[in-house]
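Engineer: This is the content of entry21.txt (compact mmCIF, C-alpha atoms):
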# COMPACT_ATOMS: atom_id res chain seq x y z
CA ALA A 1 0.00 0.00 0.00
CA GLU A 2 1.17 3.54 -0.71
CA TYR A 3 -0.40 4.81 2.51
CA VAL A 4 -0.79 3.09 5.86
CA ARG A 5 -2.73 4.48 8.81
CA VAL A 6 -1.06 3.69 12.13
CA PRO A 7 -3.16 4.60 15.20
CA HIS A 8 -1.11 6.10 18.06
CA ALA A 9 2.00 6.19 15.85
CA ASP A 10 3.43 8.97 18.01
CA GLN A 11 3.59 6.51 20.90
CA GLY A 12 4.77 3.34 19.16
CA LEU A 13 7.03 4.35 16.28
CA ASN A 14 10.54 5.81 16.12
CA ARG A 15 12.05 7.76 13.27
CA ILE A 16 15.20 6.13 11.87
CA PRO A 17 18.02 8.71 11.87
CA ASP A 18 19.31 9.73 8.46
CA ALA A 19 22.74 8.24 9.26
CA VAL A 20 21.26 4.80 10.04
CA SER A 21 20.54 2.51 7.09
CA ASP A 22 17.53 0.23 6.81
CA SER A 23 19.81 -2.78 7.32
CA GLN A 24 21.29 -1.25 10.46
CA ALA A 25 17.81 -0.61 11.86
CA LEU A 26 16.38 -3.96 10.81
CA PHE A 27 16.46 -5.63 14.25
CA VAL A 28 15.69 -2.58 16.41
CA GLY A 29 12.04 -3.30 17.11
CA ASP A 30 12.45 -7.03 17.58
CA ILE A 31 15.48 -9.06 18.64
CA LEU A 32 17.69 -6.06 19.42
CA ALA A 33 14.99 -4.60 21.66
CA THR A 34 14.82 -8.00 23.33
CA GLY A 35 18.55 -8.10 24.00
CA PHE A 36 18.65 -4.51 25.20
CA TRP A 37 15.73 -5.08 27.59
CA ALA A 38 17.32 -8.27 28.94
CA ALA A 39 20.65 -6.58 29.58
CA ARG A 40 18.96 -3.59 31.22
CA ILE A 41 16.83 -5.53 33.71
CA SER A 42 19.77 -7.81 34.60
CA GLU A 43 21.48 -4.95 36.47
CA ILE A 44 24.95 -5.81 35.15
CA SER A 45 27.98 -4.22 36.83
CA ASP A 46 31.62 -4.05 35.79
CA GLU A 47 32.53 -6.70 38.39
CA ASP A 48 30.08 -9.30 37.08
CA THR A 49 30.58 -12.56 35.26
CA VAL A 50 27.69 -12.78 32.80
CA LEU A 51 26.58 -16.06 31.24
CA ILE A 52 24.43 -15.98 28.08
CA LEU A 53 22.75 -19.23 27.12
CA GLY A 54 22.20 -19.32 23.36
CA ALA A 55 24.01 -17.71 20.43
CA GLY A 56 21.22 -17.56 17.90
CA PRO A 57 20.14 -14.17 16.51
CA THR A 58 18.46 -13.11 19.76
CA GLY A 59 21.36 -14.41 21.85
CA LEU A 60 23.85 -12.46 19.74
CA CYS A 61 21.81 -9.27 20.05
CA THR A 62 21.71 -9.87 23.81
CA LEU A 63 25.49 -10.33 23.77
CA LEU A 64 25.97 -6.98 22.00
CA CYS A 65 23.84 -5.23 24.61
CA VAL A 66 25.59 -6.96 27.50
CA LEU A 67 28.97 -5.83 26.14
CA LEU A 68 27.74 -2.22 26.26
CA ARG A 69 27.75 -2.55 30.05
CA HIS A 70 31.40 -3.71 30.22
CA PRO A 71 31.12 -6.61 32.67
CA LYS A 72 34.30 -8.20 33.94
CA ARG A 73 33.71 -11.42 32.01
CA VAL A 74 31.17 -12.69 29.44
CA ILE A 75 30.59 -16.38 28.70
CA VAL A 76 28.41 -17.64 25.86
CA CYS A 77 27.09 -21.20 25.86
CA GLU A 78 25.90 -22.56 22.52
CA ARG A 79 25.27 -26.05 21.16
CA ASP A 80 25.89 -25.34 17.44
CA PRO A 81 29.66 -25.37 16.67
CA ARG A 82 29.22 -22.93 13.77
CA ARG A 83 27.58 -20.39 16.05
CA ARG A 84 30.27 -20.89 18.68
CA GLN A 85 32.85 -20.14 15.99
CA PHE A 86 30.89 -17.06 14.92
CA VAL A 87 31.19 -15.69 18.45
CA ARG A 88 34.91 -16.46 18.58
CA ASP A 89 35.51 -14.79 15.20
CA HIS A 90 33.53 -11.61 15.88
CA TYR A 91 33.84 -11.15 19.66
CA PRO A 92 37.23 -12.57 20.65
CA GLU A 93 37.01 -11.11 24.17
CA VAL A 94 34.05 -13.40 24.92
CA LEU A 95 34.55 -16.89 26.39
CA VAL A 96 32.69 -19.70 24.61
CA THR A 97 31.57 -23.14 25.76
CA ASP A 98 29.01 -25.83 24.91
CA PRO A 99 26.11 -27.11 27.06
CA GLU A 100 27.87 -30.33 28.08
CA ALA A 101 30.82 -28.45 29.57
CA CYS A 102 28.97 -25.29 30.61
CA ARG A 103 28.62 -25.79 34.35
CA GLU A 104 32.26 -26.71 34.96
CA PHE A 105 33.43 -24.01 32.53
CA VAL A 106 31.49 -21.33 34.41
CA LEU A 107 32.89 -22.53 37.75
CA ARG A 108 36.44 -22.27 36.38
CA HIS A 109 35.86 -18.79 34.97
CA SER A 110 33.93 -17.11 37.77
CA ASP A 111 34.98 -15.62 41.09
CA HIS A 112 32.18 -16.73 43.40
CA GLY A 113 31.06 -20.22 42.41
CA GLY A 114 29.00 -19.28 39.37
CA ALA A 115 27.82 -16.44 37.16
CA ASN A 116 26.58 -13.23 38.77
CA ARG A 117 24.09 -12.77 35.95
CA VAL A 118 22.59 -15.46 33.71
CA LEU A 119 20.57 -14.54 30.62
CA GLU A 120 18.63 -17.52 29.29
CA VAL A 121 18.01 -16.95 25.58
CA ALA A 122 18.09 -20.51 24.26
CA GLY A 123 14.90 -22.17 25.47
CA GLY A 124 14.39 -25.91 25.42
CA ASP A 125 16.26 -27.79 28.14
CA THR A 126 18.38 -24.84 29.28
CA PHE A 127 16.18 -23.48 32.07
CA ARG A 128 17.72 -25.81 34.65
CA MET A 129 21.21 -25.00 33.38
CA ALA A 130 20.48 -21.30 33.89
CA TRP A 131 19.91 -21.52 37.63
CA GLU A 132 22.50 -24.26 38.17
CA CYS A 133 25.23 -22.04 36.67
CA ALA A 134 24.22 -19.02 38.74
CA ARG A 135 26.11 -18.15 41.91
CA PRO A 136 24.17 -17.57 45.14
CA ASN A 137 22.32 -14.22 45.09
CA ALA A 138 22.56 -14.01 41.29
CA ILE A 139 19.98 -12.61 38.88
CA VAL A 140 18.63 -15.03 36.26
CA THR A 141 16.87 -13.28 33.37
CA ILE A 142 14.61 -15.43 31.21
CA VAL A 143 14.40 -14.23 27.61
CA ALA A 144 13.67 -17.59 25.98
CA LEU A 145 10.24 -18.82 24.94
CA TYR A 146 9.36 -22.36 26.04
CA ASP A 147 6.97 -24.80 24.40
CA ARG A 148 6.08 -26.43 27.74
CA PRO A 149 5.98 -25.54 31.45
CA GLN A 150 9.27 -25.43 33.31
CA ILE A 151 9.88 -26.93 36.77
CA LEU A 152 11.23 -24.85 39.62
CA PRO A 153 12.71 -27.45 42.02
CA LEU A 154 12.76 -25.27 45.10
CA PRO A 155 14.27 -27.89 47.48
CA GLU A 156 17.31 -28.20 45.20
CA MET A 157 17.59 -24.43 44.85
CA TYR A 158 17.29 -23.72 48.56
CA GLY A 159 20.02 -21.39 49.75
CA LYS A 160 20.89 -19.94 46.34
CA ASN A 161 18.64 -16.93 46.96
CA LEU A 162 18.18 -16.29 43.25
CA VAL A 163 16.21 -13.49 41.66
CA PHE A 164 14.33 -14.46 38.49
CA LYS A 165 13.26 -11.82 35.98
CA THR A 166 11.09 -12.42 32.94
CA GLY A 167 8.15 -11.02 31.01
CA GLY A 168 7.20 -9.43 27.74
CA VAL A 169 9.88 -7.41 26.00
CA ASP A 170 9.51 -3.66 26.46
CA GLY A 171 9.90 -1.74 23.19
CA CYS A 172 10.35 1.63 24.89
CA ASP A 173 14.15 1.52 24.40
CA CYS A 174 14.06 1.76 20.59
CA ALA A 175 15.00 5.44 20.49
CA GLU A 176 18.04 4.75 22.68
CA ILE A 177 18.99 1.75 20.55
CA LEU A 178 18.84 3.86 17.37
CA ARG A 179 21.02 6.50 19.04
CA LEU A 180 23.60 3.85 19.93
CA ILE A 181 23.59 2.53 16.36
CA GLU A 182 24.01 6.04 14.99
CA ALA A 183 26.95 6.59 17.39
CA GLY A 184 28.62 3.36 16.23
CA GLN A 185 28.25 1.67 19.60
CA LEU A 186 25.88 -1.08 18.41
CA ASP A 187 26.53 -2.97 15.19
CA THR A 188 24.34 -5.87 14.15
CA MET A 189 25.50 -5.93 10.53
CA PRO A 190 27.68 -9.06 11.00
CA LEU A 191 24.52 -10.95 11.97
CA ILE A 192 23.08 -10.51 8.47
CA THR A 193 24.90 -13.41 6.84
CA HIS A 194 22.59 -13.78 3.82
CA ARG A 195 20.54 -11.43 1.64
CA TYR A 196 17.75 -12.40 -0.75
CA PRO A 197 15.35 -10.54 -3.05
CA LEU A 198 11.65 -10.91 -2.30
CA ASP A 199 11.05 -13.31 -5.20
CA CYS A 200 13.48 -15.78 -3.57
CA ILE A 201 11.89 -15.68 -0.14
CA ASP A 202 11.03 -19.40 -0.21
CA GLU A 203 14.72 -20.19 -0.58
CA ALA A 204 15.55 -17.77 2.23
CA TYR A 205 13.04 -19.40 4.59
CA TYR A 206 14.37 -22.87 3.75
CA LEU A 207 17.94 -21.77 4.45
CA PHE A 208 17.03 -20.19 7.79
CA GLU A 209 14.78 -23.02 8.95
CA ASN A 210 17.44 -25.64 8.26
CA HIS A 211 20.38 -23.58 9.58
CA ASP A 212 22.23 -24.14 6.29
CA ASP A 213 25.44 -22.42 5.20
CA GLY A 214 26.21 -20.99 8.64
CA VAL A 215 23.20 -18.67 8.48
CA ILE A 216 22.58 -16.34 11.40
CA LYS A 217 20.02 -13.91 9.99
CA VAL A 218 18.56 -13.30 6.52
CA ALA A 219 17.61 -9.90 5.11
CA ILE A 220 14.98 -9.60 2.36
CA GLU A 221 15.81 -6.62 0.16
CA PRO A 222 15.03 -5.17 -3.27
CA ALA A 223 16.81 -7.12 -5.98
CA SER A 224 18.96 -4.09 -6.83
CA LYS A 225 20.52 -4.16 -3.34
CA VAL A 226 21.24 -7.89 -3.11
CA ARG A 227 24.81 -8.78 -3.95
The structure in this file should be written as structure tokens.
Structural biologist:
Amino acid sequence: AEYVRVPHADQGLNRIPDAVSDSQALFVGDILATGFWAARISEISDEDTVLILGAGPTGLCTLLCVLLRHPKRVIVCERDPRRRQFVRDHYPEVLVTDPEACREFVLRHSDHGGANRVLEVAGGDTFRMAWECARPNAIVTIVALYDRPQILPLPEMYGKNLVFKTGGVDGCDCAEILRLIEAGQLDTMPLITHRYPLDCIDEAYYLFENHDDGVIKVAIEPASKVR
């Protein structure tokens, strides 16, 4: 449509700055807002060891937003070896492990028997890992979506005194996120690993669904912009 009416647009939309491209702004209202919100409510300090479970697109956006807060140490746990390598290649200051080794790895690389902050972005069977890898008095932030109820085994958790934070993502940070992109402090461009024109969208969906060719995120663009 040439014209679209958006009720309450002054409350729910943000103007993209002239210096920010469409590709740079692509994730602002979705996965980047998720990562920014998760990092904000986790109350990260510069003395913290932060564990991020999951290095998919949302996990990587969460990682970028965690790094803005300059914690002492960041650990990413990811099952897919290609995604682990992606983190190593693009964020060499970040420690990387896999789920099988995660708990022992965190113990070796933390100062107080676990991570000060755990951000659970993976979903699936990682909820238990999140609180097990947290130190006593840690904050565990749940970003992941689950397809079934999760169990909170309170007798096993007794004495850890954990704070759990979760909920719907707040999109009120989009203006701040756009400002950070414009200032060069947030860069999600490496996450766009593949670009397709609209008439090849079936191929793009197949690639993304099957995690082929090391895909992280796909951008659908006019044919003239696709290289």
Engineer: Would you list the contacts of Phe36 in chain A as a list of chain:residue names, taking every protein, DNA or RNA residue within 9 Å and counting all atoms listed in the file, but skipping same-chain residues closer than 2 positions in sequence?
Structural biologist: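 Near Phe36 in chain A, the qualifying residues are A:Ile31, A:Leu32, A:Ala33, A:Thr34, A:Ala38, A:Ala39, A:Arg40, A:Ile41, A:Cys61, A:Thr62, A:Leu64, A:Cys65, A:Val66, A:Asp173, A:Ile177.
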Engineer: Can you list, as a PyMOL selection string, every protein, DNA or RNA residue that comes within 9 Å of Ala115 in chain A when you count all atoms listed in the file, leaving out same-chain residues fewer than 2 positions away?
Structural biologist: chain A and resi 48-51+75+106-107+109-113+117-118+133-136+138-139
Engineer: Within 12 Å of Asn14 in chain A, counting all atoms listed in the file, which residues show up once you throw out same-chain ones fewer than 5 positions away? Write them as an NGL selection string, please.
Structural biologist: :A and (8-9 or 25 or 28-29 or 171-179)
Engineer: Could you jot down the CA of Arg88 in chain A to CA of Glu120 in chain A separation for me, Å, one decimal place?
Structural biologist: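 Going from CA of Arg88 in chain A over to CA of Glu120 in chain A covers 19.5 Å.
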Engineer: Just give me the gap between CA of Pro92 in chain A and CA of Ala204 in chain A in Å, one decimal is fine.
Structural biologist: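 Computed distance, CA of Pro92 in chain A to CA of Ala204 in chain A, equals 28.9 Å.
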Engineer: Kindly give the distance, in Å, that separates CA of Asp80 in chain A and CA of Val121 in chain A, rounded to a single decimal.
Structural biologist: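 These two atoms are separated by 14.1 Å.
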Engineer: Between A:Val76, A:Glu100, A:Met129, A:Asn116, single out the one closest to Glu47 in chain A, counting only C-alpha atoms.
Structural biologist: A:Asn116
Engineer: My list of candidates is A:Ile16, A:Ala122, A:Val163, A:Ile216. Which is closest to Val87 in chain A when distances are computed with all atoms listed in the file?
Structural biologist: A:Ile216
Engineer: So, counting only C-alpha atoms, which residue among A:Asp125, A:Glu203, A:Asp30, A:Glu104 is closest to Ile151 in chain A?
Structural biologist: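 Of A:Asp125, A:Glu203, A:Asp30, A:Glu104, the one nearest Ile151 in chain A, counting only C-alpha atoms, is A:Asp125.
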Engineer: Using all atoms listed in the file for the distances, tell me which of A:Met189, A:Val140, A:Glu93, A:Arg79 is nearest to Ile44 in chain A.
Structural biologist: A:Val140
Engineer: Determine, counting all atoms listed in the file, which protein, DNA and RNA residues have an atom within 9 Å of an atom of range 220-223 of chain A; residues of the same chain fewer than 5 positions away are not included. Present the result as a VMD selection string.
Structural biologist: chain A and resid 194 to 201 204
Engineer: May I ask which of the residues A:Ile181, A:Ile52, A:Cys102, A:Val215 is the closest one to Arg82 in chain A, counting only C-alpha atoms?
Structural biologist: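 With only C-alpha atoms as the atom set, the closest residue is A:Val215.
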Engineer: How big is the axis-aligned box, and where does its centre sit, when it encloses all atoms of range 5-12 of chain A listed in the file and has 4 Å added on every side, reported in Å to one decimal as lines of an AutoDock Vina configuration file?
Structural biologist:
center_x = 0.8
center_y = 6.2
center_z = 14.9
size_x = 15.9
size_y = 13.6
size_z = 20.1
